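**Q** This is the content of target_32.txt (compact mmCIF, C-alpha atoms):
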```txt
# COMPACT_ATOMS: atom_id res chain seq x y z
CA MET A 1 -91.70 -93.56 14.29
CA PRO A 2 -91.21 -89.82 14.90
CA MET A 3 -87.94 -88.63 16.43
CA ARG A 4 -88.11 -87.33 20.00
CA HIS A 5 -86.31 -84.14 20.92
CA VAL A 6 -84.96 -82.44 24.02
CA LEU A 7 -83.44 -79.08 24.83
CA VAL A 8 -79.75 -78.60 25.51
CA VAL A 9 -78.93 -75.62 27.74
CA ALA A 10 -75.62 -73.76 27.51
CA ALA A 11 -74.55 -70.83 29.67
CA VAL A 12 -72.14 -68.56 27.81
CA THR A 13 -69.98 -65.84 29.35
CA LEU A 14 -69.03 -62.96 27.08
CA THR A 15 -68.52 -59.24 27.08
CA CYS A 16 -70.94 -56.78 25.53
CA THR A 17 -69.28 -53.63 26.83
CA GLY A 18 -66.78 -51.66 24.79
CA LEU A 19 -65.03 -52.82 21.63
CA PRO A 20 -62.81 -55.85 21.19
CA ALA A 21 -59.11 -55.33 20.87
CA ALA A 22 -57.69 -54.94 17.38
CA PRO A 23 -57.86 -58.33 15.70
CA ASP A 24 -54.34 -58.13 14.28
CA GLY A 25 -52.68 -58.62 17.64
CA GLY A 26 -50.21 -56.06 18.95
CA GLY A 27 -50.97 -55.98 22.66
CA THR A 28 -54.16 -57.98 22.73
CA ALA A 29 -54.45 -60.93 25.06
CA GLY A 30 -53.61 -63.46 22.43
CA GLY A 31 -54.11 -61.44 19.26
CA GLY A 32 -55.52 -62.97 16.15
CA ASN A 33 -59.29 -63.18 16.10
CA THR A 34 -59.57 -64.57 19.61
CA ALA A 35 -58.56 -63.21 22.98
CA THR A 36 -56.78 -66.30 24.27
CA ALA A 37 -53.43 -65.97 25.95
CA GLY A 38 -50.48 -66.36 23.61
CA GLY A 39 -52.52 -67.33 20.55
CA GLY A 40 -52.99 -65.76 17.14
CA SER A 41 -50.58 -63.14 15.94
CA GLY A 42 -50.49 -60.89 18.96
CA GLY A 43 -48.74 -63.21 21.39
CA ALA A 44 -49.16 -62.49 25.09
CA GLY A 45 -48.52 -58.79 24.82
CA GLY A 46 -51.83 -57.91 26.47
CA GLY A 47 -51.27 -60.15 29.48
CA ALA A 48 -52.34 -63.75 29.90
CA ASP A 49 -55.25 -62.86 32.20
CA ALA A 50 -56.61 -59.84 30.33
CA GLY A 51 -60.39 -60.10 30.35
CA CYS A 52 -60.29 -63.31 32.34
CA ILE A 53 -63.24 -64.49 34.44
CA PRO A 54 -62.22 -66.98 37.15
CA LEU A 55 -64.23 -70.21 37.14
CA PRO A 56 -64.25 -73.13 39.58
CA GLY A 57 -61.40 -75.38 38.57
CA CYS A 58 -60.27 -72.92 35.90
CA PRO A 59 -58.81 -69.86 37.67
CA CYS A 60 -57.05 -66.83 36.25
CA ASP A 61 -53.61 -68.19 36.95
CA GLY A 62 -51.38 -66.03 34.77
CA ALA A 63 -51.19 -68.77 32.16
CA GLY A 64 -54.46 -68.17 30.41
CA GLY A 65 -56.70 -70.07 32.84
CA GLY A 66 -60.26 -69.05 33.50
CA ALA A 67 -62.78 -67.88 30.95
CA ILE A 68 -61.94 -65.03 28.63
CA PHE A 69 -64.14 -62.10 27.67
CA TYR A 70 -65.26 -62.53 24.07
CA SER A 71 -67.40 -60.34 21.83
CA ASP A 72 -68.95 -60.41 18.37
CA ARG A 73 -69.39 -64.19 18.30
CA LEU A 74 -70.91 -66.56 15.76
CA VAL A 75 -72.28 -69.90 16.95
CA ILE A 76 -73.22 -72.65 14.46
CA ALA A 77 -74.99 -75.89 15.35
CA SER A 78 -74.36 -78.83 13.03
CA ARG A 79 -75.89 -82.22 12.39
CA ALA A 80 -73.71 -85.30 12.32
CA SER A 81 -72.48 -86.79 9.06
CA ALA A 82 -70.66 -89.98 8.21
CA ASP A 83 -67.36 -88.25 9.00
CA ALA A 84 -68.26 -85.80 11.78
CA GLY A 85 -70.38 -85.78 14.91
CA ALA A 86 -73.03 -83.27 15.93
CA SER A 87 -71.45 -80.15 17.40
CA VAL A 88 -71.72 -76.51 18.33
CA GLN A 89 -68.81 -74.39 17.03
CA VAL A 90 -67.87 -70.86 18.00
CA TRP A 91 -66.03 -68.07 16.17
CA ASN A 92 -64.93 -64.96 18.06
CA PHE A 93 -64.82 -61.41 16.61
CA ILE A 94 -66.63 -62.64 13.53
CA SER A 95 -66.87 -59.17 11.96
CA ALA A 96 -63.08 -59.01 11.67
CA LEU A 97 -62.46 -62.40 10.06
CA THR A 98 -60.64 -62.45 6.75
CA PRO A 99 -59.26 -66.01 6.34
CA ASP A 100 -61.25 -69.23 6.63
CA GLU A 101 -61.17 -70.46 10.23
CA ARG A 102 -62.69 -73.62 11.62
CA GLY A 103 -63.48 -72.40 15.14
CA THR A 104 -63.68 -74.45 18.28
CA ALA A 105 -65.98 -77.47 18.22
CA GLN A 106 -68.14 -77.97 21.31
CA PRO A 107 -69.60 -81.51 21.25
CA LEU A 108 -73.11 -82.17 22.49
CA LEU A 109 -73.94 -85.20 24.60
CA THR A 110 -75.71 -87.30 21.95
CA GLY A 111 -78.25 -86.54 19.26
CA VAL A 112 -78.54 -83.77 16.72
CA PRO A 113 -78.95 -80.00 17.26
CA VAL A 114 -81.78 -78.43 15.29
CA ALA A 115 -82.03 -74.81 16.54
CA LEU A 116 -80.20 -72.21 18.64
CA VAL A 117 -81.48 -69.31 20.73
CA GLY A 118 -79.66 -66.92 23.04
CA GLY A 119 -80.09 -63.74 25.01
CA PHE A 120 -81.10 -64.70 28.55
CA GLY A 121 -79.45 -62.78 31.36
CA ALA A 122 -77.59 -59.51 31.34
CA PRO A 123 -74.09 -59.02 29.88
CA PRO A 124 -71.48 -60.23 30.38
CA SER A 125 -73.43 -63.43 31.07
CA HIS A 126 -75.91 -64.98 28.64
CA SER A 127 -77.59 -68.36 28.32
CA VAL A 128 -77.62 -70.13 24.97
CA PHE A 129 -80.15 -72.87 24.31
CA ALA A 130 -79.63 -75.52 21.64
CA LEU A 131 -82.68 -77.55 20.64
CA LYS A 132 -81.46 -81.10 20.15
CA GLU A 133 -82.85 -84.36 18.85
CA GLY A 134 -82.48 -87.34 21.13
CA THR A 135 -83.76 -88.71 24.42
CA THR A 136 -80.90 -87.94 26.83
CA ALA A 137 -80.90 -85.27 29.51
CA ALA A 138 -79.97 -81.76 28.56
CA GLN A 139 -76.53 -80.29 29.20
CA THR A 140 -75.47 -76.95 30.58
CA TRP A 141 -72.11 -75.30 29.90
CA ASN A 142 -70.85 -73.17 32.80
CA GLY A 143 -68.24 -71.08 31.12
CA ASN A 144 -67.30 -69.44 27.86
CA LEU A 145 -67.38 -72.37 25.42
CA VAL A 146 -63.60 -72.51 25.89
CA PRO A 147 -62.05 -76.02 25.77
CA GLY A 148 -60.67 -77.01 29.16
CA CYS A 149 -62.63 -74.33 31.02
CA ASP A 150 -66.16 -75.64 30.58
CA ARG A 151 -67.73 -77.71 33.33
CA PRO A 152 -70.60 -79.63 31.68
CA THR A 153 -73.42 -80.75 33.98
CA ASP A 154 -76.68 -82.50 33.21
CA VAL A 155 -80.08 -80.83 33.71
CA PRO A 156 -83.53 -82.34 33.12
CA ALA A 157 -84.95 -82.35 29.63
CA VAL A 158 -87.45 -79.53 29.13
CA SER A 159 -89.89 -81.09 26.67
CA ALA A 160 -90.17 -82.77 23.29
CA GLY A 161 -89.62 -80.28 20.51
CA ALA A 162 -88.17 -79.57 17.11
CA GLY A 163 -87.33 -76.49 15.09
CA ARG A 164 -87.62 -72.77 15.63
CA ALA A 165 -86.81 -71.20 19.02
CA ASP A 166 -86.83 -67.69 20.51
CA GLN A 167 -86.72 -65.99 23.89
CA ALA A 168 -88.62 -63.10 25.45
CA ALA A 169 -89.43 -61.81 28.93
CA GLY A 170 -87.49 -64.56 30.65
CA ALA A 171 -89.25 -67.37 28.77
CA LEU A 172 -88.08 -69.74 26.07
CA TRP A 173 -90.46 -70.25 23.13
CA TYR A 174 -90.05 -73.05 20.61
CA VAL A 175 -91.87 -75.25 18.10
CA ARG A 176 -92.54 -78.69 19.54
CA SER A 177 -93.07 -81.97 17.74
CA PRO A 178 -95.59 -82.83 16.31
CA GLY A 179 -96.39 -79.16 15.65
CA ASP A 180 -97.38 -76.82 18.46
CA VAL A 181 -95.63 -73.92 20.20
CA ALA A 182 -94.40 -74.15 23.80
CA ARG A 183 -93.60 -71.36 26.26
CA VAL A 184 -91.12 -72.44 28.91
CA THR A 185 -90.99 -70.22 31.99
CA ARG A 186 -87.78 -70.24 34.05
CA PRO A 187 -86.07 -72.53 31.50
CA THR A 188 -82.86 -72.83 33.52
CA ASP A 189 -84.66 -74.02 36.67
CA PRO A 190 -84.46 -77.71 37.61
CA ALA A 191 -88.19 -78.06 36.91
CA PRO A 192 -89.17 -75.67 34.08
CA ARG A 193 -92.86 -75.34 33.18
CA ASN A 194 -94.22 -75.85 29.67
CA THR A 195 -97.31 -74.02 28.41
CA VAL A 196 -98.55 -75.32 25.05
CA PHE A 197 -100.26 -73.32 22.29
CA ALA A 198 -101.89 -75.44 19.59
CA SER A 199 -104.14 -74.91 16.57
CA ALA A 200 -106.90 -77.15 15.32
CA GLY A 201 -105.38 -77.11 11.83
CA ALA A 202 -102.18 -78.55 10.40
CA PRO A 203 -99.04 -78.71 12.59
CA LEU A 204 -97.38 -75.37 13.33
CA VAL A 205 -93.87 -74.89 11.91
CA ASP A 206 -92.88 -71.33 12.87
CA PHE A 207 -93.91 -68.46 15.13
CA ALA A 208 -93.23 -64.84 16.06
CA TYR A 209 -93.77 -63.40 19.53
CA ASP A 210 -94.54 -59.68 19.92
CA ARG A 211 -92.89 -58.67 23.18
CA SER A 212 -94.49 -55.21 23.43
CA GLY A 213 -97.99 -56.33 22.47
CA ASP A 214 -97.74 -59.74 24.19
CA ARG A 215 -99.07 -61.57 21.14
CA LEU A 216 -98.10 -64.91 19.66
CA TYR A 217 -98.39 -65.52 15.91
CA ALA A 218 -97.87 -69.08 14.68
CA ALA A 219 -97.94 -70.54 11.17
CA GLY A 220 -98.41 -73.82 9.34
CA THR A 221 -99.82 -75.16 6.11
CA SER A 222 -103.36 -74.35 7.31
CA GLY A 223 -102.60 -70.65 7.88
CA ILE A 224 -101.54 -68.14 10.54
CA TYR A 225 -103.07 -68.11 14.04
CA VAL A 226 -103.06 -65.45 16.78
CA TRP A 227 -102.99 -65.64 20.60
CA PRO A 228 -103.34 -62.29 22.47
CA ASP A 229 -101.93 -62.10 26.03
CA ALA A 230 -99.68 -65.01 25.14
CA GLY A 231 -97.13 -64.30 27.87
CA THR A 232 -99.64 -64.82 30.66
CA ARG A 233 -102.40 -67.07 29.31
CA ASP A 234 -102.45 -70.80 29.90
CA GLY A 235 -101.84 -71.79 26.28
CA GLY A 236 -104.67 -73.50 24.46
CA ALA A 237 -106.34 -72.70 21.15
CA PRO A 238 -105.85 -69.39 19.28
CA ASP A 239 -108.36 -66.53 19.52
CA PHE A 240 -108.58 -66.24 15.74
CA GLN A 241 -107.04 -67.23 12.43
CA LEU A 242 -105.45 -64.34 10.54
CA THR A 243 -105.40 -66.14 7.20
CA ALA A 244 -105.96 -69.62 5.81
CA GLU A 245 -103.06 -69.18 3.38
CA PRO A 246 -100.12 -71.47 4.28
CA ALA A 247 -96.98 -69.96 5.82
CA SER A 248 -93.70 -71.50 6.89
CA GLN A 249 -91.82 -68.44 8.19
CA LEU A 250 -92.92 -65.43 10.24
CA ALA A 251 -91.14 -62.27 11.42
CA LEU A 252 -92.18 -59.05 13.12
CA ALA A 253 -90.98 -55.66 11.86
CA GLY A 254 -92.22 -53.00 14.24
CA SER A 255 -95.99 -52.87 13.78
CA ARG A 256 -95.84 -55.27 10.83
CA LEU A 257 -96.07 -59.03 10.48
CA LEU A 258 -94.19 -60.70 7.61
CA GLY A 259 -95.03 -64.18 6.37
CA SER A 260 -93.88 -66.46 3.55
CA ALA A 261 -94.37 -70.07 2.50
CA ARG A 262 -91.14 -70.95 0.66
CA THR A 263 -92.51 -69.43 -2.52
CA GLY A 264 -91.39 -66.19 -4.15
CA THR A 265 -93.88 -64.00 -2.24
CA LEU A 266 -93.44 -62.27 1.12
CA ALA A 267 -96.75 -61.02 2.57
CA VAL A 268 -96.89 -57.97 4.87
CA TRP A 269 -99.66 -57.06 7.33
CA ASN A 270 -99.55 -53.47 8.65
CA ASP A 271 -100.69 -52.48 12.17
CA ILE A 272 -100.87 -56.13 13.13
CA ALA A 273 -101.31 -55.49 16.87
CA ALA A 274 -104.70 -53.87 16.21
CA THR A 275 -105.92 -56.80 14.11
CA THR A 276 -108.62 -58.88 15.84
CA ALA A 277 -110.03 -60.97 12.99
CA ALA A 278 -109.04 -62.55 9.70
CA ARG A 279 -108.02 -60.14 6.94
CA PRO A 280 -105.86 -60.11 3.80
CA PHE A 281 -102.30 -58.82 3.84
CA ASP A 282 -101.72 -55.15 2.96
CA PHE A 283 -99.04 -55.73 0.32
CA SER A 284 -96.42 -58.27 -0.71
CA LEU A 285 -92.87 -58.31 -2.01
CA ASP A 286 -92.10 -60.44 -5.05
CA ALA A 287 -88.74 -62.23 -4.78
CA GLY A 288 -88.92 -63.49 -8.35
CA GLU A 289 -90.07 -66.49 -10.32
CA ALA A 290 -88.66 -69.95 -9.57
CA THR A 291 -87.49 -68.60 -6.21
CA ALA A 292 -88.09 -70.06 -2.75
CA ILE A 293 -87.81 -67.69 0.20
CA GLN A 294 -85.78 -69.50 2.86
CA HIS A 295 -85.69 -66.82 5.56
CA HIS A 296 -86.40 -63.16 6.18
CA THR A 297 -85.01 -60.99 8.96
CA LEU A 298 -84.71 -57.33 9.96
CA GLY A 299 -81.53 -55.48 10.91
CA GLY A 300 -80.14 -51.96 10.76
CA GLY A 301 -83.48 -50.65 9.51
CA GLY A 302 -83.34 -52.97 6.51
CA LEU A 303 -84.93 -56.23 5.45
CA PHE A 304 -82.82 -59.22 4.37
CA VAL A 305 -84.59 -61.95 2.39
CA THR A 306 -82.59 -65.15 1.85
CA VAL A 307 -83.73 -66.96 -1.29
CA GLN A 308 -82.75 -70.09 -3.15
CA PRO A 309 -83.32 -69.60 -6.88
CA THR A 310 -83.40 -72.64 -9.13
CA PRO A 311 -80.90 -73.81 -10.29
CA THR A 312 -78.40 -71.13 -9.22
CA SER A 313 -76.78 -70.62 -5.83
CA GLY A 314 -78.57 -68.76 -3.07
CA ARG A 315 -78.92 -65.00 -2.83
CA VAL A 316 -79.79 -62.37 -0.25
CA LEU A 317 -82.14 -59.56 -1.27
CA VAL A 318 -81.51 -56.31 0.63
CA TYR A 319 -84.28 -53.74 1.13
CA ARG A 320 -83.00 -50.54 2.72
CA GLY A 321 -85.34 -48.52 4.95
CA PHE A 322 -88.01 -51.19 5.05
CA ALA A 323 -90.24 -49.14 7.38
CA SER A 324 -91.00 -46.75 4.51
CA THR A 325 -91.89 -49.56 2.07
CA THR A 326 -95.65 -49.65 1.45
CA ALA A 327 -95.92 -51.60 -1.82
CA ASP A 328 -94.06 -54.16 -3.89
CA ARG A 329 -90.70 -52.95 -5.15
CA PRO A 330 -87.43 -54.51 -6.25
CA PRO A 331 -84.66 -54.92 -3.68
CA ASP A 332 -82.03 -52.19 -3.42
CA LEU A 333 -79.23 -54.75 -3.56
CA VAL A 334 -78.81 -58.44 -4.37
CA ILE A 335 -75.93 -60.30 -2.71
CA ASP A 336 -74.98 -63.13 -5.04
CA HIS A 337 -71.82 -65.19 -4.48
CA PRO A 338 -70.64 -68.75 -5.29
CA SER A 339 -70.32 -69.52 -1.57
CA LEU A 340 -74.08 -69.10 -1.05
CA THR A 341 -75.01 -72.59 -2.21
CA GLY A 342 -77.76 -73.85 0.06
CA ALA A 343 -78.25 -70.41 1.66
CA ARG A 344 -80.92 -70.69 4.34
CA GLU A 345 -80.81 -67.69 6.70
CA ALA A 346 -78.89 -64.49 7.43
CA VAL A 347 -78.06 -62.31 10.42
CA LEU A 348 -76.64 -58.78 10.65
CA THR A 349 -73.88 -58.32 13.23
CA ASP A 350 -73.51 -55.44 15.66
CA GLY A 351 -71.90 -52.41 14.00
CA ARG A 352 -69.94 -51.52 17.16
CA PHE A 353 -67.25 -54.05 16.38
CA GLY A 354 -65.04 -52.04 14.13
CA VAL A 355 -65.49 -53.20 10.53
CA ALA A 356 -68.35 -50.86 9.64
CA ASP A 357 -71.12 -49.02 11.44
CA SER A 358 -73.64 -51.17 9.58
CA GLY A 359 -72.09 -54.43 10.76
CA VAL A 360 -71.45 -57.42 8.51
CA LEU A 361 -73.96 -59.90 7.11
CA VAL A 362 -73.49 -63.57 8.02
CA VAL A 363 -75.33 -66.09 5.82
CA LEU A 364 -75.78 -69.74 6.81
CA THR A 365 -75.00 -72.04 3.86
CA ALA A 366 -74.83 -75.75 3.10
CA THR A 367 -71.26 -75.98 4.46
CA GLY A 368 -70.98 -73.23 7.11
CA ALA A 369 -71.38 -69.47 6.81
CA SER A 370 -70.35 -66.70 4.42
CA ILE A 371 -69.56 -63.19 5.67
CA PHE A 372 -70.15 -60.00 3.67
CA ARG A 373 -69.02 -56.48 4.53
CA ASP A 374 -70.96 -53.28 3.81
CA PRO A 375 -74.28 -55.08 3.23
CA PHE A 376 -76.24 -51.82 2.71
CA GLY A 377 -73.72 -50.13 0.41
CA SER A 378 -71.39 -52.15 -1.77
CA PRO A 379 -71.41 -55.71 -0.38
CA SER A 380 -68.14 -57.59 -0.62
CA PHE A 381 -67.24 -61.14 0.35
CA ALA A 382 -64.99 -61.16 3.42
CA ALA A 383 -64.65 -64.74 4.67
CA GLU A 384 -66.17 -68.18 4.77
CA VAL A 385 -66.23 -70.43 7.84
CA SER A 386 -66.83 -74.14 7.41
CA VAL A 387 -68.25 -76.92 9.54
CA ALA A 388 -67.84 -79.53 6.79
CA PRO A 389 -68.20 -82.46 6.66
CA ALA A 390 -70.97 -81.85 9.23
CA ALA A 391 -74.19 -80.18 8.04
CA PRO A 392 -75.06 -76.79 9.59
CA VAL A 393 -78.64 -76.41 10.83
CA ASP A 394 -78.75 -73.03 12.62
CA LEU A 395 -76.66 -70.00 13.52
CA LEU A 396 -76.73 -67.53 16.39
CA TYR A 397 -75.02 -64.15 16.73
CA LEU A 398 -73.88 -62.96 20.18
CA PRO A 399 -72.69 -59.31 20.30
```
Produce structure tokens that represent the structure in this file.
**A**
Amino acid sequence: MPMRHVLVVAAVTLTCTGLPAAPDGGGTAGGGNTATAGGGSGGAGGGADAGCIPLPGCPCDGAGGGAIFYSDRLVIASRASADAGASVQVWNFISALTPDERGTAQPLLTGVPVALVGGFGAPPSHSVFALKEGTTAAQTWNGNLVPGCDRPTDVPAVSAGAGRADQAAGALWYVRSPGDVARVTRPTDPAPRNTVFASAGAPLVDFAYDRSGDRLYAAGTSGIYVWPDAGTRDGGAPDFQLTAEPASQLALAGSRLLGSARTGTLAVWNDIAATTAARPFDFSLDAGEATAIQHHTLGGGGLFVTVQPTPTSGRVLVYRGFASTTADRPPDLVIDHPSLTGAREAVLTDGRFGVADSGVLVVLTATGASIFRDPFGSPSFAAEVSVAPAAPVDLLYLP
């Protein structure tokens, strides 16, 4: 019997203005890598209420009450194991981490998280959605994911779903079970509305939504499908099929669509917004023999391709200046490290947070995440965060 799924909603308060205080303490509100009062190495030199947001039942009381402004945060959702329950854990000022740190576990109600998406609302307030297996109602966190200051409340389940999620133009998009894409308008309302996009082929497993062109691209083993005017249409079947070649991951890079199928080839379609019928890709990048592409993402003008060679540990291929790439070429850099076993996706952090203008690269692994500095120049391993013995399933970066 297939597993049912619901959405878990979390509202996160953070700061996106200015830079965080120096992570080595010395006058910060708490020092260390968090901004809590009296913690880390900085003590209470910055004042117990520095950056505090008063919350009902958790005021700024001079003793560290209320929610604290945080920046540069990494969120990891994990499945349960025999020795650990499903959870969402948070690390603050991730770009400055040097030692291994476990973070603060935030338990879900019941069930297993399978995907994270964030970005609703304007700073310093965002909403974070965690797609979760199970049949219970969803949960909302009103606070900063700070133990003792969160006030969990139940909200209705949005819809059955599993896998990839994204947000755009005030709507939540995600892959539903058994394999279609749903657009949820006003997802934080008591009665959100689902609009379903489905193909006549095999179940869809991934998608990419073009905000500027208002187009939805969705992929499965039967190919890639396209819905123009996706933000306003009432779902339904696609207008056309771009290709019948299978794909399991999609990403947009400006005017380009990138697709791969867990093989060693990444296909690229140029000027995708002007495409109105099936056509072959313009060029492809070869990640190497006996290599399965796990994930590809854009950041800082570059392309990061997470691969899992056999039988070695995972790697991240770095292509600088991807916009100028028009044909197959080798990557400019290969990040290869023993901690990358089970590497499955990567994200580039915001360069404003002190370590380097280019940010740091965070790679989700079989046990947590590995962090690398200077990902475009001379990458170096900086830290590893662990959620073991739980099994990580997704990561989210909040600047």
**Q** In terms of the shortest atom-to-atom distance over all atoms listed in the file, which of A:Phe240, A:Tyr225, A:Tyr217, A:Phe372 is closest to Ala202 (chain A)?
**A**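 Going through A:Phe240, A:Tyr225, A:Tyr217, A:Phe372 one by one, the smallest distance to Ala202 (chain A) is for A:Tyr225.
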**Q** Write out as a ChimeraX atom specification each polymer residue whose atoms come within 9 Å of Phe381 (chain A), counting all atoms listed in the file; drop sequence neighbours fewer than 3 positions from it.
**A** /A:337,370-373,384
**Q** Could you tell me how far CA of Gln308 (chain A) sits from CA of Arg262 (chain A), in Å to one decimal place?
**A**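 CA of Gln308 (chain A) lies 9.3 Å from CA of Arg262 (chain A).
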**Q** List the spatial neighbours of region 270-282 of chain A as a list in words - criterion: any atom at most 9 Å away, all atoms listed in the file, same-chain residues fewer than 5 positions off excluded.
**A**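 Here the answer would be Asp210, Gly213, Arg215, Val226, Asp239, Phe240, Gln241, Leu242, Thr243, Ala244, Gly254, Ser255, Arg256, Leu257, Thr326 and Ala327 of chain A.
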**Q** Just how far from CA of Pro309 (chain A) is CA of Leu116 (chain A), in Å to one decimal?
**A**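 These atoms are spaced 25.8 Å apart.
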**Q** Please list as a short mmCIF file (atom, residue, chain, number, x, y, z; two decimals) with C-alpha atoms, in the coordinates of the input every residue within 10 Å of Pro338 (chain A), counting all atoms listed in the file and excluding residues in the same chain fewer than 4 positions away.
**A**
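Listing of result14.cif after writing:
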```cif
data_model
loop_
_atom_site.label_atom_id
_atom_site.label_comp_id
_atom_site.auth_asym_id
_atom_site.auth_seq_id
_atom_site.Cartn_x
_atom_site.Cartn_y
_atom_site.Cartn_z
CA THR A 312 -78.40 -71.13 -9.22
CA SER A 313 -76.78 -70.62 -5.83
CA GLY A 314 -78.57 -68.76 -3.07
CA ARG A 315 -78.92 -65.00 -2.83
CA SER A 370 -70.35 -66.70 4.42
#
```
**Q** In Å, how far is it from CA of Val88 (chain A) to CA of Asn194 (chain A)?
**A**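 Interatomic distance, CA of Val88 (chain A) to CA of Asn194 (chain A): 25.2 Å.
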**Q** List as a list in words the protein and nucleic acid residues near Ala292 (chain A), meaning an atom at most 12 Å away when only C-alpha atoms are counted, but skip any in the same chain fewer than 5 places from it.
**A**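 Near neighbours after the sequence-gap exclusion: Ser248, Gln249, Ser260, Ala261, Arg262, Thr263, Gly264, Thr265, Leu266, Asp286, Ala287, Val305, Thr306, Val307, Gln308, Pro309, Thr310, Pro311, Thr312, Ser313, Gly314, Arg315, Val316, Gly342, Ala343 and Arg344 of chain A.
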**Q** Counting all atoms listed in the file, what is within 6 Å of Leu317 (chain A), bar same-chain residues fewer than 2 positions away, as a list in words?
**A**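 Skipping anything fewer than 2 positions along the chain leaves Phe304, Val305, Pro331 and Val334 of chain A.
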**Q** Would you be able to write out as a list in words which residues have an atom within 7 Å of (-93.4, -63.8, 13.0) in the file's coordinates, counting only C-alpha atoms?
**A**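 With a cut-off of 7 Å, the residues come to Phe207, Ala208, Tyr209, Tyr217, Gln249, Leu250, Ala251, Leu252, Leu257, Leu258 and Gly259 of chain A.
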**Q** When you count all atoms listed in the file, which of these residues is closest to Gly359 (chain A): A:Gln294, A:Gln167, A:Ser222, A:Ser95?
**A**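 That would be A:Ser95, the residue with the smallest distance to Gly359 (chain A).
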**Q** Work out where the centre of an axis-aligned box around every listed atom of region 382-390 of chain A lies and how long its edges are once 4 Å is added on each side; give both in Å to one decimal as AutoDock Vina command-line options.
**A**
```
--center_x -67.8 --center_y -71.8 --center_z 6.5 --size_x 14.3 --size_y 29.3 --size_z 14.1
```
**Q** Taking all atoms listed in the file into account, name the residue in A:Pro246, A:Gly377, A:Ala77, A:Arg176 that is nearest to Ala391 (chain A).
**A**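 So, comparing all the options, the nearest one is A:Ala77.
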**Q** Identify the residues within 10 Å of coordinate (-94.0, -70.3, 32.8) (same frame as the file), considering all atoms listed in the file, and give the answer as a list in words.
**A** Gly170, Ala171, Leu172, Ala182, Arg183, Val184, Thr185, Arg186, Pro187, Pro192, Arg193, Asn194, Thr195, Gly231, Thr232, Arg233 and Asp234 of chain A
**Q** I'd like to know which of A:Trp227, A:Phe283, A:Phe93, A:Tyr397 is closest to Thr325 (chain A), using all atoms listed in the file.
**A**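 Selected residue with least distance to Thr325 (chain A): A:Phe283.
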**Q** Please determine, counting all atoms listed in the file, which residue among A:Ala219, A:Leu364, A:Leu340, A:Ala253 has the shortest atom-to-atom distance to Gly301 (chain A).
**A**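 Of the candidates, the smallest distance to Gly301 (chain A) is held by A:Ala253.
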**Q** Nearest to Glu345 (chain A): which of A:Ala369, A:Ala230, A:Ala382, A:Val90 is it, counting only C-alpha atoms?
**A**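 Of A:Ala369, A:Ala230, A:Ala382, A:Val90, the one nearest Glu345 (chain A) is A:Ala369, counting only C-alpha atoms.
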**Q** How would region 259-270 of chain A read, as a PDB file, in the coordinates of the input, once N, CA and C atoms are built in?
**A**
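File produced: selection.pdb:
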```pdb
ATOM      1  N   GLY A 259     -94.869 -62.745   6.486  1.00  0.00           N
ATOM      2  CA  GLY A 259     -95.030 -64.180   6.370  1.00  0.00           C
ATOM      3  C   GLY A 259     -94.742 -64.666   4.963  1.00  0.00           C
ATOM      4  N   SER A 260     -94.152 -65.856   4.852  1.00  0.00           N
ATOM      5  CA  SER A 260     -93.880 -66.460   3.550  1.00  0.00           C
ATOM      6  C   SER A 260     -94.021 -67.963   3.660  1.00  0.00           C
ATOM      7  N   ALA A 261     -94.120 -68.625   2.522  1.00  0.00           N
ATOM      8  CA  ALA A 261     -94.370 -70.070   2.500  1.00  0.00           C
ATOM      9  C   ALA A 261     -93.421 -70.780   1.547  1.00  0.00           C
ATOM     10  N   ARG A 262     -92.161 -70.366   1.535  1.00  0.00           N
ATOM     11  CA  ARG A 262     -91.140 -70.950   0.660  1.00  0.00           C
ATOM     12  C   ARG A 262     -91.544 -70.854  -0.807  1.00  0.00           C
ATOM     13  N   THR A 263     -92.239 -69.784  -1.130  1.00  0.00           N
ATOM     14  CA  THR A 263     -92.510 -69.430  -2.520  1.00  0.00           C
ATOM     15  C   THR A 263     -91.720 -68.154  -2.799  1.00  0.00           C
ATOM     16  N   GLY A 264     -92.082 -67.428  -3.845  1.00  0.00           N
ATOM     17  CA  GLY A 264     -91.390 -66.190  -4.150  1.00  0.00           C
ATOM     18  C   GLY A 264     -92.095 -64.955  -3.613  1.00  0.00           C
ATOM     19  N   THR A 265     -93.095 -65.133  -2.724  1.00  0.00           N
ATOM     20  CA  THR A 265     -93.880 -64.000  -2.240  1.00  0.00           C
ATOM     21  C   THR A 265     -93.744 -63.846  -0.738  1.00  0.00           C
ATOM     22  N   LEU A 266     -93.495 -62.609  -0.296  1.00  0.00           N
ATOM     23  CA  LEU A 266     -93.440 -62.270   1.120  1.00  0.00           C
ATOM     24  C   LEU A 266     -94.600 -61.335   1.430  1.00  0.00           C
ATOM     25  N   ALA A 267     -95.552 -61.797   2.243  1.00  0.00           N
ATOM     26  CA  ALA A 267     -96.750 -61.020   2.570  1.00  0.00           C
ATOM     27  C   ALA A 267     -96.495 -60.145   3.787  1.00  0.00           C
ATOM     28  N   VAL A 268     -97.100 -58.929   3.795  1.00  0.00           N
ATOM     29  CA  VAL A 268     -96.890 -57.970   4.870  1.00  0.00           C
ATOM     30  C   VAL A 268     -98.255 -57.480   5.372  1.00  0.00           C
ATOM     31  N   TRP A 269     -98.483 -57.614   6.673  1.00  0.00           N
ATOM     32  CA  TRP A 269     -99.660 -57.060   7.330  1.00  0.00           C
ATOM     33  C   TRP A 269     -99.234 -55.846   8.144  1.00  0.00           C
ATOM     34  N   ASN A 270     -99.822 -54.681   7.873  1.00  0.00           N
ATOM     35  CA  ASN A 270     -99.550 -53.470   8.650  1.00  0.00           C
ATOM     36  C   ASN A 270    -100.387 -53.457   9.926  1.00  0.00           C
TER      37      ASN A 270
END
```
